[in-house]
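To keep things clear, I will list the structure first and then write my remarks on it.
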Amino acid sequence: MIETELLKSVVALCKRRGFIFPGSEIYGGFANTYSYGPYGVELKRIIREAWWRTFVQNREDMVGLDGPILLHPRAWEASGHVEGFNDALIDCKNCKSRFRADHLIEASVGLEVEGFTVAQINQLIVDHALVCPKCGSKDWTDARYFNLMFSTRLSKTAQGENDVAYLRPETAQAIFLDFKNIVDTMRVTVPFGVAQIGKAFRNEITPGNFIFRVIEFEQMEIEYFIRSETWETVFEEWLASMKKWCSWIGLSENRLSCSEHPKDKLSHYSKRTVDIMYDFPFGRSELYGLAYRTDYDLSRHAEYSKSKLEYTDPQTREKYVPHVVEPTFGLDRTVLALLCDAYAEELLPNGEQRTVLRFKPHMAPVKVAVFPLMKKEPLIEKARPIFDALRQHWAVQYDDSGAIGKRYRRHDEIGTPLCVTVDFQTLEDDTVTLRHRDSMEQERVSIKALASRCLEVISARS
Ligand code: ATP
C-alpha cells in the first residue's frame, strides 16, 4: 500500500471503528487533541500493562512511581526546561503558516541547528533564501525561541510566591524529586530503576501526523540509577531490552532502526543518546529514546532544592550521586506504530476486499468474538454461556447482528484474532467453529476445549 495513503486509511479506520476520534469534534474540533474511543482505550491499556509487566513486574531491580503533573516550578528551573526547552519558530508573512525553524533549515539545507542562536538561524534563512513550503514566499518574520511548556496559574499562595506552574513536559522529573523517598523506603540497591507512566504536555509548534505529535500525550519512562563507571554496559543492555520490546509487541524489524545523536549535537545533560526510529507512513521518525543523563538531574535538583540526593552503598558506606540511564517510550506513538504495522487491505479469492488489523493476538483490543449463527433461540441460549465463560479471561465481544460474513469483517477491522460461531451442529455435539483472523481458516473445537485453544493462540508466545 502507498505510504501516504496508509496514514489516511489508518485515521479513517480509527474513526470508523471507535479507536480514536478527533478531540472536541462537536465544537468543530480542537486541533491536535484526540479522544481514544473504546478500542483505543483497550489498546492503550494493553500496551501500558504489558510495559509494566515487562519492565517492572518481571524485574527485581525496578519499582514504580506515580508523581504529580504539577511539580514545584523551581524543579523546571533545575531541570533546565525553563531556560532551555525551546524550539525556534518562524512565520511566513505571506500565508501566515508557522514552522519550526530547525525543521525548515534541515529539510532545505540539510543542516542541524540545535544550539544555534536566533541570529545564526536568521542568517541561514537569508543566506539560503529559504522559501515557504506552503506558498513559495521568502517573506519571513524573524525566528524566535518559544518555550514548549504549558503554563497555568495557581491562586496566589499566602507567601505570595510566584503563581505560575507548568504542566509537566515529561514524566521523568518527578522521579528525581522522589529519589530520596524511594531510597529511604524501598531498600533498593544500585543499580535500580524507577518507572512511571503518565500524561505529559507540550505546546508543540508544529504538531501533526495524527497522534504522532500532539500537545497532550502519554509517556512510559524509566530512570535507571547506576554507578557512573557501568554506564556503557547498562546503556547497551537497555537498548537491547527496548528492541526486544518492539518486536514482542509486533513491530516489524524492517521498519525499526536506531539513530545515534552525534556527539556535538547532544542535549546539555546527555553523554549519549540513541533514538529508536520507526518507519511511519510520513517517514522515519523517533518512536522511543534512550539517553545517558550522567548525574545531571540529581545534582541539579540537589543544588536547587538544597536537599541531599545521595545514595549510600550498603556494603562500603560510600556516599555518591548515582548516574542515570533513561529509556523513554511514547505511548501514543506506540499506538500509531502498531496500527500502521497491523493495517492491511486484501483482495479475497471471491473478489471481496477486506481490511484487517493484523495485531499480534496478545496485543489485540478484543481477543475473541462470539456469534450465534442467527439471532434465534436456541442458538442464543447456547452462545451466551460461552461468551460469559470466555470473558472471565479476556476482552470478548458478543455479536448477533447482521450476516455472519459482515460480523467477521467487522472483527477483522478491529483486529480480533478469533471468532467463535455457535451453529446448529453445536446443539447436537457441543462443538463450535473457531475462525482465525489471518488465515481465515476454521476449525471445529469442543466447547470444553475452547478456552485452552483460545489461550494457545492468544498467549504472548504466538
Ligand atoms: P521529537 O524529537 O519527536 O520532538 P523528543 O526527542 O522531543 O521527540 P523526548 O523528549 O525524548 O522526545 O520524549 C520522549 C518520548 O515521548 C518520545 O520518544 C516520543 O515517543 C514521545 N513524545 C515526545 N513528544 C511527543 C508529542 N508531542 N506527541 C506524542 N508523543 C511525544
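By order of appearance in the C-alpha cells: chains A, B, ..., then residues from 1 within every chain, and ligands from 1 in the order shown.
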Based on DSSP run over this structure's backbone, return all residues of region 23-128 of chain A in strand (DSSP E or B), as a PDB file with N, CA and C atoms, in the first residue's frame.
```pdb
ATOM      1  N   TYR A  34      -7.028  14.479  20.722  1.00  0.00           N
ATOM      2  CA  TYR A  34      -7.782  13.290  20.301  1.00  0.00           C
ATOM      3  C   TYR A  34      -8.410  12.613  21.494  1.00  0.00           C
ATOM      4  N   SER A  35      -9.553  11.965  21.242  1.00  0.00           N
ATOM      5  CA  SER A  35     -10.146  11.076  22.248  1.00  0.00           C
ATOM      6  C   SER A  35      -9.831   9.649  21.824  1.00  0.00           C
ATOM      7  N   TYR A  36      -9.457   8.843  22.769  1.00  0.00           N
ATOM      8  CA  TYR A  36      -9.323   7.419  22.475  1.00  0.00           C
ATOM      9  C   TYR A  36     -10.684   6.778  22.727  1.00  0.00           C
ATOM     10  N   MET A  62      13.416  -3.031  39.681  1.00  0.00           N
ATOM     11  CA  MET A  62      12.573  -1.903  39.276  1.00  0.00           C
ATOM     12  C   MET A  62      11.437  -1.684  40.270  1.00  0.00           C
ATOM     13  N   VAL A  63      11.098  -0.418  40.511  1.00  0.00           N
ATOM     14  CA  VAL A  63       9.906  -0.072  41.290  1.00  0.00           C
ATOM     15  C   VAL A  63       9.137   1.002  40.516  1.00  0.00           C
ATOM     16  N   GLY A  64       7.908   1.254  40.956  1.00  0.00           N
ATOM     17  CA  GLY A  64       7.067   2.217  40.232  1.00  0.00           C
ATOM     18  C   GLY A  64       6.845   3.501  41.012  1.00  0.00           C
ATOM     19  N   LEU A  70       1.808  18.495  38.202  1.00  0.00           N
ATOM     20  CA  LEU A  70       2.320  19.818  38.578  1.00  0.00           C
ATOM     21  C   LEU A  70       3.424  19.655  39.619  1.00  0.00           C
ATOM     22  N   ASN A  86      13.189  24.902  24.421  1.00  0.00           N
ATOM     23  CA  ASN A  86      12.698  25.853  23.423  1.00  0.00           C
ATOM     24  C   ASN A  86      12.861  25.299  22.015  1.00  0.00           C
ATOM     25  N   ASP A  87      11.962  25.705  21.151  1.00  0.00           N
ATOM     26  CA  ASP A  87      12.169  25.497  19.722  1.00  0.00           C
ATOM     27  C   ASP A  87      12.116  26.864  19.066  1.00  0.00           C
ATOM     28  N   ALA A  88      12.888  27.035  17.989  1.00  0.00           N
ATOM     29  CA  ALA A  88      12.820  28.306  17.263  1.00  0.00           C
ATOM     30  C   ALA A  88      11.667  28.218  16.284  1.00  0.00           C
ATOM     31  N   LEU A  89      10.792  29.206  16.317  1.00  0.00           N
ATOM     32  CA  LEU A  89       9.686  29.205  15.359  1.00  0.00           C
ATOM     33  C   LEU A  89       9.819  30.391  14.420  1.00  0.00           C
ATOM     34  N   ILE A  90       9.191  30.233  13.280  1.00  0.00           N
ATOM     35  CA  ILE A  90       9.253  31.293  12.268  1.00  0.00           C
ATOM     36  C   ILE A  90       7.924  31.285  11.504  1.00  0.00           C
ATOM     37  N   ASP A  91       7.441  32.479  11.144  1.00  0.00           N
ATOM     38  CA  ASP A  91       6.162  32.560  10.432  1.00  0.00           C
ATOM     39  C   ASP A  91       6.375  33.102   9.027  1.00  0.00           C
ATOM     40  N   CYS A  92       5.602  32.591   8.094  1.00  0.00           N
ATOM     41  CA  CYS A  92       5.595  33.141   6.745  1.00  0.00           C
ATOM     42  C   CYS A  92       4.642  34.337   6.769  1.00  0.00           C
ATOM     43  N   ARG A  98       3.100  28.672  10.135  1.00  0.00           N
ATOM     44  CA  ARG A  98       4.160  28.694  11.156  1.00  0.00           C
ATOM     45  C   ARG A  98       4.995  27.420  11.017  1.00  0.00           C
ATOM     46  N   PHE A  99       6.297  27.557  11.171  1.00  0.00           N
ATOM     47  CA  PHE A  99       7.201  26.407  11.040  1.00  0.00           C
ATOM     48  C   PHE A  99       8.187  26.381  12.186  1.00  0.00           C
ATOM     49  N   ARG A 100       8.699  25.180  12.439  1.00  0.00           N
ATOM     50  CA  ARG A 100       9.860  25.090  13.318  1.00  0.00           C
ATOM     51  C   ARG A 100      11.068  25.398  12.468  1.00  0.00           C
TER      52      ARG A 100
END
```
Ligand 1 neighbours within 10 Å using only C-alpha atoms and all ligand atoms, as a ChimeraX atom specification: /A:32,85,87,148,169-172,199-221,267,273-277,285-291,326-334,336
Å distance separating CA of Leu390 (chain A) from CA of Ile458 (chain A), one decimal place: 12.3 Å
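Among the candidates A:Asp399, A:Trp51, A:Val41, A:Arg354, the one nearest to Lys244 (chain A) when counting only C-alpha atoms is A:Trp51.
Of note, CA of Glu428 (chain A) and CA of Ala449 (chain A) are spaced 16.4 Å apart.
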Glu42 (chain A) surroundings by only C-alpha atoms, 10 Å radius, close-in-sequence under 4 positions cut, as a PyMOL selection string: chain A and resi 19+36-38+46-48+363-366+395
Those selected residues, please, written with all heavy atoms and delivered as a PDB file, in the first residue's frame.
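Wrote out.pdb, looks like this:
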```
ATOM      1  N   PHE A  19     -11.572   3.597  17.465  1.00  0.00           N
ATOM      2  CA  PHE A  19     -10.262   3.610  18.128  1.00  0.00           C
ATOM      3  C   PHE A  19      -9.925   5.026  18.610  1.00  0.00           C
ATOM      4  O   PHE A  19      -9.610   5.235  19.762  1.00  0.00           O
ATOM      5  CB  PHE A  19      -9.160   3.139  17.176  1.00  0.00           C
ATOM      6  CG  PHE A  19      -9.055   1.635  17.036  1.00  0.00           C
ATOM      7  CD1 PHE A  19      -9.817   0.951  16.102  1.00  0.00           C
ATOM      8  CD2 PHE A  19      -8.193   0.910  17.840  1.00  0.00           C
ATOM      9  CE1 PHE A  19      -9.723  -0.430  15.975  1.00  0.00           C
ATOM     10  CE2 PHE A  19      -8.089  -0.462  17.728  1.00  0.00           C
ATOM     11  CZ  PHE A  19      -8.857  -1.144  16.787  1.00  0.00           C
ATOM     12  N   TYR A  36      -9.457   8.843  22.769  1.00  0.00           N
ATOM     13  CA  TYR A  36      -9.323   7.419  22.475  1.00  0.00           C
ATOM     14  C   TYR A  36     -10.684   6.778  22.727  1.00  0.00           C
ATOM     15  O   TYR A  36     -11.207   6.843  23.847  1.00  0.00           O
ATOM     16  CB  TYR A  36      -8.233   6.781  23.348  1.00  0.00           C
ATOM     17  CG  TYR A  36      -6.843   7.094  22.820  1.00  0.00           C
ATOM     18  CD1 TYR A  36      -6.221   8.300  23.098  1.00  0.00           C
ATOM     19  CD2 TYR A  36      -6.181   6.183  22.004  1.00  0.00           C
ATOM     20  CE1 TYR A  36      -4.959   8.599  22.588  1.00  0.00           C
ATOM     21  CE2 TYR A  36      -4.920   6.469  21.491  1.00  0.00           C
ATOM     22  CZ  TYR A  36      -4.323   7.683  21.794  1.00  0.00           C
ATOM     23  OH  TYR A  36      -3.077   7.964  21.280  1.00  0.00           O
ATOM     24  N   GLY A  37     -11.259   6.203  21.684  1.00  0.00           N
ATOM     25  CA  GLY A  37     -12.555   5.539  21.794  1.00  0.00           C
ATOM     26  C   GLY A  37     -12.386   4.168  22.444  1.00  0.00           C
ATOM     27  O   GLY A  37     -11.279   3.790  22.850  1.00  0.00           O
ATOM     28  N   PRO A  38     -13.498   3.422  22.528  1.00  0.00           N
ATOM     29  CA  PRO A  38     -13.467   2.156  23.283  1.00  0.00           C
ATOM     30  C   PRO A  38     -12.337   1.195  22.893  1.00  0.00           C
ATOM     31  O   PRO A  38     -11.684   0.632  23.773  1.00  0.00           O
ATOM     32  CB  PRO A  38     -14.828   1.545  22.969  1.00  0.00           C
ATOM     33  CG  PRO A  38     -15.704   2.733  22.708  1.00  0.00           C
ATOM     34  CD  PRO A  38     -14.834   3.756  22.043  1.00  0.00           C
ATOM     35  N   ILE A  46      -3.664  -2.264  27.138  1.00  0.00           N
ATOM     36  CA  ILE A  46      -2.870  -3.477  26.905  1.00  0.00           C
ATOM     37  C   ILE A  46      -1.380  -3.121  26.818  1.00  0.00           C
ATOM     38  O   ILE A  46      -0.533  -3.795  27.389  1.00  0.00           O
ATOM     39  CB  ILE A  46      -3.357  -4.193  25.620  1.00  0.00           C
ATOM     40  CG1 ILE A  46      -4.712  -4.837  25.890  1.00  0.00           C
ATOM     41  CG2 ILE A  46      -2.348  -5.219  25.127  1.00  0.00           C
ATOM     42  CD1 ILE A  46      -5.469  -5.245  24.649  1.00  0.00           C
ATOM     43  N   ILE A  47      -1.067  -2.031  26.109  1.00  0.00           N
ATOM     44  CA  ILE A  47       0.338  -1.608  25.974  1.00  0.00           C
ATOM     45  C   ILE A  47       0.900  -1.242  27.348  1.00  0.00           C
ATOM     46  O   ILE A  47       1.970  -1.702  27.730  1.00  0.00           O
ATOM     47  CB  ILE A  47       0.474  -0.408  25.006  1.00  0.00           C
ATOM     48  CG1 ILE A  47       0.009  -0.781  23.601  1.00  0.00           C
ATOM     49  CG2 ILE A  47       1.913   0.103  24.970  1.00  0.00           C
ATOM     50  CD1 ILE A  47      -0.194   0.402  22.675  1.00  0.00           C
ATOM     51  N   ARG A  48       0.145  -0.404  28.066  1.00  0.00           N
ATOM     52  CA  ARG A  48       0.603   0.016  29.406  1.00  0.00           C
ATOM     53  C   ARG A  48       0.863  -1.174  30.307  1.00  0.00           C
ATOM     54  O   ARG A  48       1.889  -1.256  30.969  1.00  0.00           O
ATOM     55  CB  ARG A  48      -0.485   0.860  30.062  1.00  0.00           C
ATOM     56  CG  ARG A  48      -0.228   2.320  30.048  1.00  0.00           C
ATOM     57  CD  ARG A  48      -1.215   2.993  30.974  1.00  0.00           C
ATOM     58  NE  ARG A  48      -1.966   4.009  30.276  1.00  0.00           N
ATOM     59  CZ  ARG A  48      -3.254   3.930  29.946  1.00  0.00           C
ATOM     60  NH1 ARG A  48      -3.975   2.872  30.259  1.00  0.00           N
ATOM     61  NH2 ARG A  48      -3.817   4.913  29.299  1.00  0.00           N
ATOM     62  N   MET A 363      -1.807  -8.509  21.627  1.00  0.00           N
ATOM     63  CA  MET A 363      -1.970  -7.057  21.671  1.00  0.00           C
ATOM     64  C   MET A 363      -3.361  -6.613  21.186  1.00  0.00           C
ATOM     65  O   MET A 363      -3.680  -5.420  21.254  1.00  0.00           O
ATOM     66  CB  MET A 363      -0.911  -6.378  20.794  1.00  0.00           C
ATOM     67  CG  MET A 363       0.530  -6.643  21.182  1.00  0.00           C
ATOM     68  SD  MET A 363       0.912  -6.227  22.887  1.00  0.00           S
ATOM     69  CE  MET A 363       0.845  -4.438  22.848  1.00  0.00           C
ATOM     70  N   ALA A 364      -4.155  -7.519  20.680  1.00  0.00           N
ATOM     71  CA  ALA A 364      -5.449  -7.125  20.091  1.00  0.00           C
ATOM     72  C   ALA A 364      -6.404  -6.614  21.177  1.00  0.00           C
ATOM     73  O   ALA A 364      -6.489  -7.195  22.250  1.00  0.00           O
ATOM     74  CB  ALA A 364      -6.066  -8.320  19.374  1.00  0.00           C
ATOM     75  N   PRO A 365      -7.134  -5.515  20.896  1.00  0.00           N
ATOM     76  CA  PRO A 365      -8.045  -4.962  21.906  1.00  0.00           C
ATOM     77  C   PRO A 365      -9.165  -5.931  22.277  1.00  0.00           C
ATOM     78  O   PRO A 365      -9.564  -6.001  23.423  1.00  0.00           O
ATOM     79  CB  PRO A 365      -8.615  -3.707  21.256  1.00  0.00           C
ATOM     80  CG  PRO A 365      -7.930  -3.522  19.965  1.00  0.00           C
ATOM     81  CD  PRO A 365      -7.024  -4.681  19.688  1.00  0.00           C
ATOM     82  N   VAL A 366      -9.696  -6.638  21.287  1.00  0.00           N
ATOM     83  CA  VAL A 366     -10.691  -7.675  21.571  1.00  0.00           C
ATOM     84  C   VAL A 366     -10.059  -9.001  21.173  1.00  0.00           C
ATOM     85  O   VAL A 366      -9.551  -9.138  20.065  1.00  0.00           O
ATOM     86  CB  VAL A 366     -11.999  -7.439  20.777  1.00  0.00           C
ATOM     87  CG1 VAL A 366     -12.991  -8.572  21.007  1.00  0.00           C
ATOM     88  CG2 VAL A 366     -12.607  -6.104  21.150  1.00  0.00           C
ATOM     89  N   ALA A 395     -10.886  -9.703  27.008  1.00  0.00           N
ATOM     90  CA  ALA A 395     -11.914  -8.830  26.442  1.00  0.00           C
ATOM     91  C   ALA A 395     -12.575  -9.593  25.292  1.00  0.00           C
ATOM     92  O   ALA A 395     -11.926  -9.906  24.295  1.00  0.00           O
ATOM     93  CB  ALA A 395     -11.278  -7.545  25.931  1.00  0.00           C
TER      94      ALA A 395
END
```
Could you give me, as a Markdown table, a per-residue list for region 261-294 of chain A showing, wherever an atom lies at most 12 Å from an atom of region 110-118 of chain A, the closest pair of atoms and their distance in Å to one decimal, using only C-alpha atoms and sorting by chain then residue number from low to high?
```
| residue | atom | partner | partner_atom | distance |
| --- | --- | --- | --- | --- |
| A:His261 | CA | A:Glu112 | CA | 11.1 |
| A:Pro262 | CA | A:Glu112 | CA | 10.5 |
| A:Asp264 | CA | A:Glu114 | CA | 9.7 |
| A:Lys265 | CA | A:Glu114 | CA | 6.7 |
| A:Leu266 | CA | A:Glu114 | CA | 8.8 |
| A:Ser267 | CA | A:Glu114 | CA | 8.7 |
| A:His268 | CA | A:Gly115 | CA | 9.5 |
```
Could you please take those selected residues and save N, CA, C and O atoms as a PDB file, in the first residue's frame?
```pdb
ATOM      1  N   HIS A 261      22.620  10.047  18.245  1.00  0.00           N
ATOM      2  CA  HIS A 261      22.815  11.503  18.167  1.00  0.00           C
ATOM      3  C   HIS A 261      24.313  11.797  18.077  1.00  0.00           C
ATOM      4  O   HIS A 261      25.083  11.280  18.898  1.00  0.00           O
ATOM      5  N   PRO A 262      24.731  12.600  17.106  1.00  0.00           N
ATOM      6  CA  PRO A 262      26.157  12.923  17.020  1.00  0.00           C
ATOM      7  C   PRO A 262      26.618  13.607  18.306  1.00  0.00           C
ATOM      8  O   PRO A 262      25.853  14.365  18.918  1.00  0.00           O
ATOM      9  N   ASP A 264      28.452  16.106  19.032  1.00  0.00           N
ATOM     10  CA  ASP A 264      28.393  17.565  19.156  1.00  0.00           C
ATOM     11  C   ASP A 264      26.959  18.101  19.144  1.00  0.00           C
ATOM     12  O   ASP A 264      26.732  19.292  19.311  1.00  0.00           O
ATOM     13  N   LYS A 265      25.968  17.216  18.957  1.00  0.00           N
ATOM     14  CA  LYS A 265      24.575  17.673  18.928  1.00  0.00           C
ATOM     15  C   LYS A 265      23.793  17.188  20.148  1.00  0.00           C
ATOM     16  O   LYS A 265      22.575  17.336  20.216  1.00  0.00           O
ATOM     17  N   LEU A 266      24.501  16.583  21.115  1.00  0.00           N
ATOM     18  CA  LEU A 266      23.799  16.037  22.273  1.00  0.00           C
ATOM     19  C   LEU A 266      23.207  17.146  23.136  1.00  0.00           C
ATOM     20  O   LEU A 266      23.769  18.234  23.220  1.00  0.00           O
ATOM     21  N   SER A 267      22.063  16.859  23.786  1.00  0.00           N
ATOM     22  CA  SER A 267      21.486  17.828  24.714  1.00  0.00           C
ATOM     23  C   SER A 267      22.487  18.092  25.827  1.00  0.00           C
ATOM     24  O   SER A 267      23.356  17.252  26.099  1.00  0.00           O
ATOM     25  N   HIS A 268      22.293  19.213  26.532  1.00  0.00           N
ATOM     26  CA  HIS A 268      23.279  19.629  27.536  1.00  0.00           C
ATOM     27  C   HIS A 268      23.519  18.569  28.611  1.00  0.00           C
ATOM     28  O   HIS A 268      24.586  18.471  29.172  1.00  0.00           O
TER      29      HIS A 268
END
```
